[in-house]
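Asks: Input file: query_25.cif. Contents: mmCIF, C-alpha atoms and all ligand atoms.
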```
data_final
#
loop_
_atom_site.label_atom_id
_atom_site.label_comp_id
_atom_site.auth_asym_id
_atom_site.auth_seq_id
_atom_site.Cartn_x
_atom_site.Cartn_y
_atom_site.Cartn_z
CA MET A 426 119.95 115.97 137.54
CA SER A 427 122.26 113.49 139.27
CA LYS A 428 125.82 113.18 138.04
CA GLU A 429 125.20 109.57 137.11
CA ARG A 430 122.19 110.49 135.03
CA GLY A 431 124.13 113.32 133.43
CA ILE A 432 126.84 110.94 132.27
CA ASN A 433 124.32 108.43 131.14
CA LEU A 434 122.61 110.96 128.89
CA GLU A 435 125.87 111.66 127.15
CA ILE A 436 126.34 108.67 124.91
CA LEU A 437 129.25 110.08 122.93
CA LYS A 438 131.52 113.06 123.39
CA VAL A 439 134.27 114.23 121.07
CA VAL A 440 136.85 116.84 122.04
CA ASN A 441 139.17 118.54 119.57
CA LEU A 442 139.25 115.63 117.12
CA LYS A 443 141.83 115.93 114.34
CA LYS A 444 142.79 113.88 111.31
CA TYR A 445 145.16 115.21 108.66
CA TYR A 446 146.10 113.53 105.37
CA SER A 447 149.38 115.05 104.17
CA ASN A 448 148.15 118.49 103.09
CA VAL A 449 144.41 117.90 103.73
CA LYS A 450 142.98 118.84 107.12
CA ALA A 451 140.13 116.33 106.84
CA VAL A 452 139.03 116.84 110.45
CA ASP A 453 140.45 119.94 112.04
CA GLY A 454 139.66 120.11 115.75
CA ILE A 455 135.97 119.38 116.15
CA SER A 456 134.12 118.93 119.44
CA PHE A 457 130.54 117.88 120.07
CA THR A 458 128.29 115.84 122.34
CA VAL A 459 125.65 113.32 121.32
CA GLU A 460 122.82 112.71 123.79
CA ARG A 461 121.07 109.41 124.29
CA GLY A 462 117.72 109.03 122.55
CA THR A 463 118.40 111.69 119.95
CA VAL A 464 119.17 111.96 116.24
CA PHE A 465 122.47 113.79 115.75
CA SER A 466 123.30 114.83 112.19
CA LEU A 467 126.65 115.77 110.79
CA LEU A 468 126.08 117.83 107.66
CA GLY A 469 128.52 119.35 105.23
CA PRO A 470 129.50 119.62 101.57
CA ASN A 471 131.50 116.89 99.78
CA GLY A 472 134.89 116.44 101.38
CA ALA A 473 133.89 118.31 104.57
CA GLY A 474 135.19 115.50 106.80
CA LYS A 475 131.97 113.66 107.71
CA THR A 476 133.00 110.13 106.74
CA THR A 477 136.45 110.60 108.27
CA THR A 478 134.82 111.63 111.56
CA VAL A 479 132.28 108.82 111.49
CA GLU A 480 134.87 106.17 110.67
CA ILE A 481 137.13 107.34 113.50
CA LEU A 482 134.17 107.06 115.88
CA GLU A 483 133.43 103.58 114.54
CA GLY A 484 137.02 102.54 115.24
CA LEU A 485 137.79 102.08 111.53
CA ARG A 486 140.30 104.92 111.18
CA LYS A 487 142.89 106.24 113.60
CA LYS A 488 142.59 109.78 114.88
CA ASP A 489 145.65 112.04 114.97
CA GLU A 490 144.53 113.96 118.03
CA GLY A 491 141.57 114.48 120.31
CA GLU A 492 139.49 112.70 122.88
CA ILE A 493 136.58 110.31 122.37
CA TYR A 494 134.25 109.36 125.22
CA TYR A 495 131.68 106.57 124.86
CA PHE A 496 129.08 106.18 127.62
CA GLY A 497 131.10 108.58 129.78
CA GLU A 498 134.40 106.73 129.44
CA ARG A 499 137.42 107.94 127.52
CA LYS A 500 138.47 105.53 124.76
CA GLU A 501 141.85 105.62 123.05
CA SER A 502 140.69 102.85 120.75
CA LEU A 503 137.40 101.01 120.53
CA ASP A 504 137.20 97.94 122.79
CA SER A 505 135.02 94.98 121.85
CA GLU A 506 132.40 95.82 124.49
CA THR A 507 131.86 99.26 122.96
CA LYS A 508 131.86 97.79 119.45
CA ARG A 509 129.03 95.48 120.46
CA LYS A 510 126.95 98.52 121.39
CA ILE A 511 127.35 100.37 118.11
CA GLY A 512 125.87 99.75 114.67
CA VAL A 513 127.56 100.75 111.46
CA CYS A 514 126.29 101.55 107.97
CA LEU A 515 129.24 102.69 105.88
CA GLN A 516 129.00 105.15 103.00
CA LYS A 517 130.40 102.38 100.78
CA SER A 518 129.61 98.88 101.95
CA ALA A 519 130.83 95.62 100.51
CA PHE A 520 129.16 92.26 101.09
CA PHE A 521 129.81 88.74 99.84
CA GLU A 522 128.38 88.69 96.32
CA ASN A 523 127.20 85.10 96.41
CA LEU A 524 125.34 85.21 99.72
CA THR A 525 121.63 85.96 99.76
CA VAL A 526 120.16 88.86 101.71
CA TRP A 527 119.00 86.47 104.45
CA GLU A 528 122.43 84.78 104.64
CA THR A 529 124.13 88.16 104.85
CA LEU A 530 121.92 89.26 107.73
CA LYS A 531 122.55 85.89 109.43
CA LEU A 532 126.29 86.28 109.02
CA PHE A 533 126.32 89.71 110.67
CA ARG A 534 123.82 88.69 113.35
CA GLY A 535 126.10 85.74 114.15
CA LEU A 536 128.87 88.14 115.15
CA TYR A 537 126.86 89.22 118.19
CA ARG A 538 125.46 87.38 121.17
CA LYS A 539 122.53 89.77 121.59
CA GLY A 540 120.45 91.51 118.98
CA LEU A 541 117.29 91.49 116.92
CA LYS A 542 115.71 88.32 115.57
CA LEU A 543 116.25 88.01 111.83
CA PRO A 544 112.53 87.91 110.89
CA GLU A 545 112.17 91.13 112.87
CA VAL A 546 114.95 92.76 110.81
CA VAL A 547 113.38 91.56 107.56
CA GLU A 548 110.02 93.01 108.61
CA LEU A 549 111.46 96.27 109.92
CA PHE A 550 113.30 96.95 106.67
CA ARG A 551 110.64 95.38 104.41
CA LEU A 552 113.14 92.95 102.90
CA GLU A 553 110.59 90.14 102.43
CA ARG A 554 110.63 90.35 98.65
CA ILE A 555 114.41 90.29 98.33
CA GLU A 556 115.49 88.07 101.20
CA ARG A 557 116.28 85.16 98.86
CA LYS A 558 118.12 87.26 96.28
CA ARG A 559 121.88 87.05 96.03
CA VAL A 560 123.80 90.21 96.84
CA LYS A 561 125.25 90.37 93.30
CA THR A 562 121.74 90.57 91.82
CA LEU A 563 120.51 93.43 94.03
CA SER A 564 119.79 96.87 92.61
CA GLY A 565 121.68 99.83 94.11
CA GLY A 566 118.72 100.79 96.29
CA GLN A 567 118.14 97.20 97.47
CA LEU A 568 121.80 96.87 98.42
CA GLN A 569 121.59 100.14 100.34
CA ARG A 570 118.56 98.91 102.28
CA LEU A 571 120.48 95.76 103.18
CA ALA A 572 123.45 97.88 104.32
CA VAL A 573 121.20 99.92 106.61
CA ALA A 574 119.49 96.79 107.95
CA VAL A 575 122.87 95.22 108.79
CA ALA A 576 123.66 98.22 111.02
CA PHE A 577 120.72 97.33 113.26
CA VAL A 578 121.15 93.53 113.67
CA ASN A 579 122.88 93.82 117.08
CA ASP A 580 120.18 96.22 118.34
CA PRO A 581 122.90 98.79 119.09
CA GLU A 582 122.73 101.66 121.57
CA ILE A 583 123.98 104.04 118.89
CA VAL A 584 123.85 103.50 115.16
CA PHE A 585 126.03 105.34 112.65
CA LEU A 586 124.37 105.86 109.29
CA ASP A 587 126.65 107.52 106.73
CA GLU A 588 124.36 108.75 103.95
CA PRO A 589 121.88 105.90 104.46
CA THR A 590 119.29 107.16 101.98
CA THR A 591 121.54 108.13 99.06
CA GLY A 592 120.23 106.43 95.95
CA LEU A 593 116.95 105.35 97.50
CA ASP A 594 113.57 106.04 95.95
CA PRO A 595 111.18 108.29 97.93
CA GLN A 596 109.27 105.33 99.40
CA ALA A 597 112.40 103.53 100.58
CA ARG A 598 113.75 106.81 101.97
CA ARG A 599 110.59 107.36 104.03
CA GLN A 600 110.76 103.81 105.25
CA ILE A 601 114.29 104.41 106.59
CA TRP A 602 112.96 107.57 108.29
CA ASP A 603 110.29 105.44 109.99
CA VAL A 604 112.93 102.98 111.20
CA VAL A 605 115.06 105.84 112.56
CA GLU A 606 112.08 107.32 114.41
CA HIS A 607 111.03 103.94 115.76
CA PHE A 608 114.59 103.24 116.92
CA LYS A 609 114.74 106.63 118.62
CA SER A 610 111.40 106.05 120.34
CA ARG A 611 113.07 103.09 122.07
CA GLY A 612 115.61 105.46 123.64
CA LYS A 613 118.32 104.62 121.11
CA THR A 614 120.66 107.11 119.43
CA ILE A 615 121.27 107.79 115.76
CA PHE A 616 124.35 109.46 114.29
CA LEU A 617 123.48 110.47 110.76
CA THR A 618 125.16 112.06 107.79
CA THR A 619 123.09 113.11 104.82
CA HIS A 620 123.04 115.50 101.89
CA TYR A 621 119.24 115.69 102.05
CA MET A 622 118.48 118.75 104.15
CA GLU A 623 114.77 117.95 104.26
CA GLU A 624 115.68 114.62 105.84
CA ALA A 625 118.05 116.25 108.35
CA GLU A 626 115.45 118.88 109.25
CA LYS A 627 112.75 116.28 109.74
CA LEU A 628 114.75 113.75 111.75
CA SER A 629 117.43 115.60 113.70
CA ASP A 630 117.36 116.85 117.25
CA HIS A 631 120.81 118.33 116.85
CA VAL A 632 122.72 119.28 113.73
CA CYS A 633 126.43 120.06 113.29
CA ILE A 634 127.39 121.68 110.02
CA ILE A 635 131.04 121.14 109.12
CA ASP A 636 133.12 122.48 106.28
CA HIS A 637 136.83 121.98 105.63
CA GLY A 638 137.05 119.85 108.79
CA LYS A 639 135.65 122.51 111.14
CA ILE A 640 132.24 122.98 112.76
CA ILE A 641 130.73 126.16 111.37
CA SER A 642 127.36 126.00 113.11
CA GLU A 643 125.38 123.73 115.40
CA GLY A 644 122.05 123.47 117.17
CA SER A 645 118.56 122.16 116.60
CA PRO A 646 117.26 122.66 113.05
CA SER A 647 114.81 125.33 114.24
CA SER A 648 117.45 127.20 116.24
CA LEU A 649 119.80 127.18 113.23
CA ILE A 650 117.02 128.55 111.03
CA ASN A 651 116.04 131.20 113.61
CA SER A 652 119.60 132.37 114.20
CA SER A 653 120.57 132.32 110.52
CA GLY A 654 119.34 135.84 109.88
CA LEU A 655 117.27 134.53 106.97
CA LYS A 656 113.85 136.20 106.99
CA THR A 657 111.94 135.17 103.90
CA VAL A 658 112.84 133.13 100.86
CA VAL A 659 111.54 133.76 97.37
CA GLU A 660 111.81 131.17 94.61
CA PHE A 661 111.13 131.84 90.95
CA ASP A 662 111.97 130.72 87.43
CA SER A 663 113.51 132.82 84.71
CA ASP A 664 115.26 131.98 81.45
CA GLN A 665 117.04 135.31 81.68
CA VAL A 666 120.21 135.94 83.66
CA VAL A 667 118.62 137.73 86.63
CA ASN A 668 121.00 140.05 88.41
CA VAL A 669 120.14 139.11 91.98
CA ASN A 670 122.15 137.81 94.93
CA TYR A 671 120.80 134.26 95.07
CA LEU A 672 121.31 131.47 97.59
CA GLU A 673 121.08 128.94 94.80
CA LYS A 674 120.46 128.82 91.06
CA LYS A 675 119.69 125.54 89.34
CA ASP A 676 119.13 125.92 85.60
CA SER A 677 116.38 128.54 85.40
CA HIS A 678 115.29 128.19 89.04
CA TYR A 679 116.42 130.85 91.53
CA ILE A 680 116.29 130.80 95.35
CA VAL A 681 116.74 134.23 96.96
CA GLU A 682 116.60 135.46 100.56
CA THR A 683 115.07 138.81 101.38
CA ASP A 684 113.79 140.98 104.25
CA ASN A 685 111.21 142.50 101.96
CA PRO A 686 109.58 139.99 99.61
CA GLU A 687 107.04 142.48 98.24
CA GLU A 688 109.72 144.92 97.17
CA LEU A 689 111.88 142.13 95.70
CA ILE A 690 109.03 140.67 93.66
CA LYS A 691 107.96 144.10 92.34
CA ASP A 692 111.54 144.72 91.32
CA LEU A 693 111.88 141.31 89.66
CA LEU A 694 108.65 141.72 87.71
CA ARG A 695 109.65 145.20 86.56
CA LYS A 696 113.06 144.19 85.26
CA TRP A 697 112.91 140.55 84.19
CA ASP A 698 110.73 137.88 82.75
CA VAL A 699 110.03 135.74 85.84
CA SER A 700 107.38 133.12 86.61
CA ASN A 701 106.31 130.54 89.23
CA ILE A 702 107.04 132.91 92.12
CA VAL A 703 106.79 131.29 95.57
CA ILE A 704 107.26 133.01 98.92
CA ARG A 705 108.12 130.77 101.85
CA LYS A 706 109.80 130.54 105.24
CA PRO A 707 113.51 129.65 105.29
CA ASN A 708 114.42 126.00 105.84
CA LEU A 709 117.57 124.10 106.80
CA GLU A 710 118.70 123.83 103.18
CA ASP A 711 118.69 127.64 102.86
CA VAL A 712 120.76 127.89 106.06
CA PHE A 713 123.16 125.27 104.73
CA LEU A 714 123.59 127.14 101.44
CA LYS A 715 124.07 130.43 103.22
CA LEU A 716 126.72 129.00 105.55
CA THR A 717 128.64 126.86 103.06
CA GLY A 718 128.42 129.15 100.05
CA ARG A 719 127.97 128.43 96.38
CA ASP A 720 131.37 127.02 95.46
CA LEU A 721 131.53 123.39 94.47
CA ARG A 722 134.07 121.40 96.50
CA GLU A 723 136.92 119.50 94.81
N1 LIG A 801 142.41 107.90 103.06
C1 LIG A 801 142.53 109.17 102.68
N2 LIG A 801 143.70 109.64 102.16
C2 LIG A 801 143.83 110.93 101.79
N3 LIG A 801 142.84 111.85 101.89
C3 LIG A 801 141.65 111.44 102.37
C4 LIG A 801 141.43 110.08 102.78
N4 LIG A 801 140.16 109.97 103.23
C5 LIG A 801 139.61 111.18 103.08
N5 LIG A 801 140.49 112.07 102.59
C6 LIG A 801 140.25 113.49 102.30
O1 LIG A 801 139.71 114.07 103.49
C7 LIG A 801 138.68 115.00 103.17
C8 LIG A 801 137.41 114.62 103.88
O2 LIG A 801 136.89 113.43 103.28
P1 LIG A 801 135.56 112.73 103.84
O3 LIG A 801 135.39 111.45 103.09
O4 LIG A 801 135.63 112.65 105.31
O5 LIG A 801 134.45 113.79 103.40
P2 LIG A 801 132.85 113.70 103.49
O6 LIG A 801 132.41 114.89 104.26
O7 LIG A 801 132.44 112.38 103.98
O8 LIG A 801 132.45 113.91 101.96
P3 LIG A 801 131.23 113.28 101.09
O9 LIG A 801 130.04 114.15 101.36
O10 LIG A 801 131.71 113.46 99.69
O11 LIG A 801 131.05 111.87 101.50
C9 LIG A 801 138.58 115.03 101.64
O12 LIG A 801 139.35 116.11 101.17
C10 LIG A 801 139.18 113.69 101.24
O13 LIG A 801 139.75 113.77 99.95
MG MG A 802 131.33 110.87 103.19
#
```
In structure tokens, write the structure found in this file.

Replies:
Amino acid sequence: MSKERGINLEILKVVNLKKYYSNVKAVDGISFTVERGTVFSLLGPNGAGKTTTVEILEGLRKKDEGEIYYFGERKESLDSETKRKIGVCLQKSAFFENLTVWETLKLFRGLYRKGLKLPEVVELFRLERIERKRVKTLSGGQLQRLAVAVAFVNDPEIVFLDEPTTGLDPQARRQIWDVVEHFKSRGKTIFLTTHYMEEAEKLSDHVCIIDHGKIISEGSPSSLINSSGLKTVVEFDSDQVVNVNYLEKKDSHYIVETDNPEELIKDLLRKWDVSNIVIRKPNLEDVFLKLTGRDLRE
């Protein structure tokens, strides 16, 4: 591979990035590389440092330390040329309440010389039925779809989507997945954060799991699953307090990892009243739970 091509593949590189807020180490020395034409996901529990990282990369917050390279060039702050090449969907977005969806898209499109045509954006994000609605009358999910659409109006090289599908119904979520995959098929890059592990597993080429501002694991979803040491996962329901080392327990539903599912199930059936037993392969959510533990964050 030529040097030029090598640089070109690397759309974004971060070295030892740090951001501290008084006594909180929000981002505590993280390094990673994002390759062109891939979906890169930053995963982590609440307060892990995802939004802080994303907003530093978007030029919206100042880093304390570390190096950021866009398109092979080191950037101390984000210049307007780089800004034109990135798209941004914030975790919390605010738009003008009295503008319609169409007017909002037009406003953001007007900030850039190049980009998608507005009818194309409306079609891509299936906004036809709400394009005349005012922002203040949109439902939470409709507003979220608008926020994601806005991130694409300049047809960016890399788009940052911070929890783009939170609050969306299953249909709208799948539609965002389609847009992400379509965007990627055009050689574009997506930087994603999400709490939906199924979504991350389906879409991502590369995943970084962070906790307390540090990267605790990274790789492709399948490599993370393979190297997790998780062999088999057993799920079951029980109204009793089952004395088992579980990955997760939600109400009466237990998720347990085991090397020997037969033995585990025999044991469960002997000792407890359990039902709806399912044996399955481990997935990214199991890996995430194993790595980040069961404690709720502040
Ligand atoms: N402006 C700020 N001032 C002080 N502390 C902050 C500020 N912004 C973020 N933090 C703290 O930094 C840590 C990381 O926050 P961040 O928003 O990056 O987490 P996150 O991974 O995006 O979480 P979530 O999944 O809840 O969105 C948290 O402990 C948060 O309270
Ligand atoms: Mg966040």

Asks: Identify which of the residues A:Ser629, A:Ile641, A:Ala519, A:Lys438 lies closest to Glu460 in chain A, counting all atoms listed in the file when measuring atom-to-atom distances.

Replies: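 Distance minimum relative to Glu460 in chain A lands on A:Lys438.
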
Asks: Which residues are near Arg486 in chain A? Cut-off 8 Å, only C-alpha atoms, ignore same chain within fewer than 5 positions. Put them as a ChimeraX atom specification.

Replies: /A:477,480-481

Asks: Just checking: using all atoms listed in the file, which residue out of A:Leu482, A:Ile455, A:Leu709, A:Val575 ends up closest to Glu626 in chain A?

Replies: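 Comparing A:Leu482, A:Ile455, A:Leu709, A:Val575 against Glu626 in chain A, the winner is A:Leu709.
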
Asks: Once you count all atoms listed in the file, what closest atom pair and distance in Å to one decimal does each residue of chain A within 10 Å of ligand MG 802 (chain A) have, with rows by chain and rising residue number, as CSV?

Replies:
```
residue,atom,partner,partner_atom,distance
A:Leu468,CA,A:MG802,MG,9.8
A:Gly469,CA,A:MG802,MG,9.2
A:Pro470,CA,A:MG802,MG,9.1
A:Asn471,CA,A:MG802,MG,6.9
A:Gly472,CA,A:MG802,MG,6.9
A:Ala473,CA,A:MG802,MG,8.0
A:Gly474,CA,A:MG802,MG,7.0
A:Lys475,CA,A:MG802,MG,5.4
A:Thr476,CA,A:MG802,MG,4.0
A:Thr477,CA,A:MG802,MG,7.2
A:Thr478,CA,A:MG802,MG,9.1
A:Val479,CA,A:MG802,MG,8.6
A:Glu480,CA,A:MG802,MG,9.5
A:Leu515,CA,A:MG802,MG,8.9
A:Gln516,CA,A:MG802,MG,6.2
A:Lys517,CA,A:MG802,MG,8.9
A:Asp587,CA,A:MG802,MG,6.8
A:Glu588,CA,A:MG802,MG,7.3
A:Thr618,CA,A:MG802,MG,7.8
A:Thr619,CA,A:MG802,MG,8.7
A:His620,CA,A:MG802,MG,9.6
```

Asks: Could you work out how far atom O6 of ligand LIG 801 (chain A) lies from CA of Asp636 in chain A, giving the answer in Å with one decimal?

Replies: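 The value is 7.9 Å.
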
Asks: Rounded to one decimal in Å, what is the spacing between CA of Leu655 in chain A and CA of Lys715 in chain A?

Replies: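 Here the two named atoms are 8.8 Å from each other.
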
Asks: From the options A:Gly612, A:Gly512, A:Pro581, A:Gly638, which residue's atoms come nearest to ligand LIG 801 (chain A), counting all atoms listed in the file?

Replies: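 For ligand LIG 801 (chain A), the nearest of the given residues is A:Gly638.
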
Asks: Could you pull out every residue with an atom within 12 Å of (117.2, 110.3, 95.4), file coordinates, counting all atoms listed in the file, and send them as number ranges by chain?

Replies: A: 565-566, 588-599, 619-621, 623-624

Asks: My list of candidates is A:Asp630, A:Asp453, A:Glu582, A:Glu435. Which is closest to ligand LIG 801 (chain A) when distances are computed with all atoms listed in the file?

Replies: A:Asp453

Asks: Quick one: pull the distance between CA of Asp489 in chain A and atom C9 of ligand LIG 801 (chain A), Å, one decimal.

Replies: 15.4 Å

Asks: Padding 4 Å on every side, please: axis-aligned box over the listed atoms of ligand LIG 801 (chain A), centre and edge lengths to one decimal in Å, as lines of an AutoDock Vina configuration file.

Replies:
```
center_x = 136.9
center_y = 112.0
center_z = 102.5
size_x = 21.8
size_y = 16.2
size_z = 13.6
```

Asks: As a list in words, please: the residues near range 699-705 of chain A (cut-off 6 Å, all atoms listed in the file, same-chain neighbours under 5 positions excluded).

Replies: Val658, Val659, Glu660, Phe661, Asp662 and Ser663 of chain A

Asks: Selection from above, C-alpha atoms, as a compact mmCIF listing (two decimals), in the frame of the given file, can you write it?

Replies:
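Result went into result-v7.txt, see below:
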```
# COMPACT_ATOMS: atom_id res chain seq x y z
CA VAL A 658 112.84 133.13 100.86
CA VAL A 659 111.54 133.76 97.37
CA GLU A 660 111.81 131.17 94.61
CA PHE A 661 111.13 131.84 90.95
CA ASP A 662 111.97 130.72 87.43
CA SER A 663 113.51 132.82 84.71
```

Asks: Would you pick out the contacts of Leu714 in chain A at 12 Å or less, using all atoms listed in the file, so that residues sharing its chain but fewer than 6 positions from it are not included, and give the list as a PyMOL selection string?

Replies: chain A and resi 468-470+620+622+634+636+650+653+655+671-674+680-682+707-708+720-721

Asks: Using all atoms listed in the file, can you tell me which of A:Lys531, A:Lys444, A:Arg570, A:Lys627 comes closest to ligand LIG 801 (chain A)?

Replies: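 Smallest distance to ligand LIG 801 (chain A) is found for A:Lys444.
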
Asks: For ligand LIG 801 (chain A), which residue out of A:His637, A:Lys539, A:Lys443, A:Thr562 is the nearest one, using all atoms listed in the file?

Replies: A:His637

Asks: Set the distance at 7 Å and use only C-alpha atoms: which residues neighbour Asn523 in chain A once local chain neighbours fewer than 2 positions away are removed? I'd like the list as a list in words.

Replies: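 Listing them by chain and then by number gives Phe521, Thr525, Arg559, Val560 and Lys561 of chain A.
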
Asks: Write out as an NGL selection string each polymer residue whose atoms come within 7 Å of range 540-546 of chain A, counting all atoms listed in the file; drop sequence neighbours fewer than 5 positions from it.

Replies: :A and (574 or 578-580)
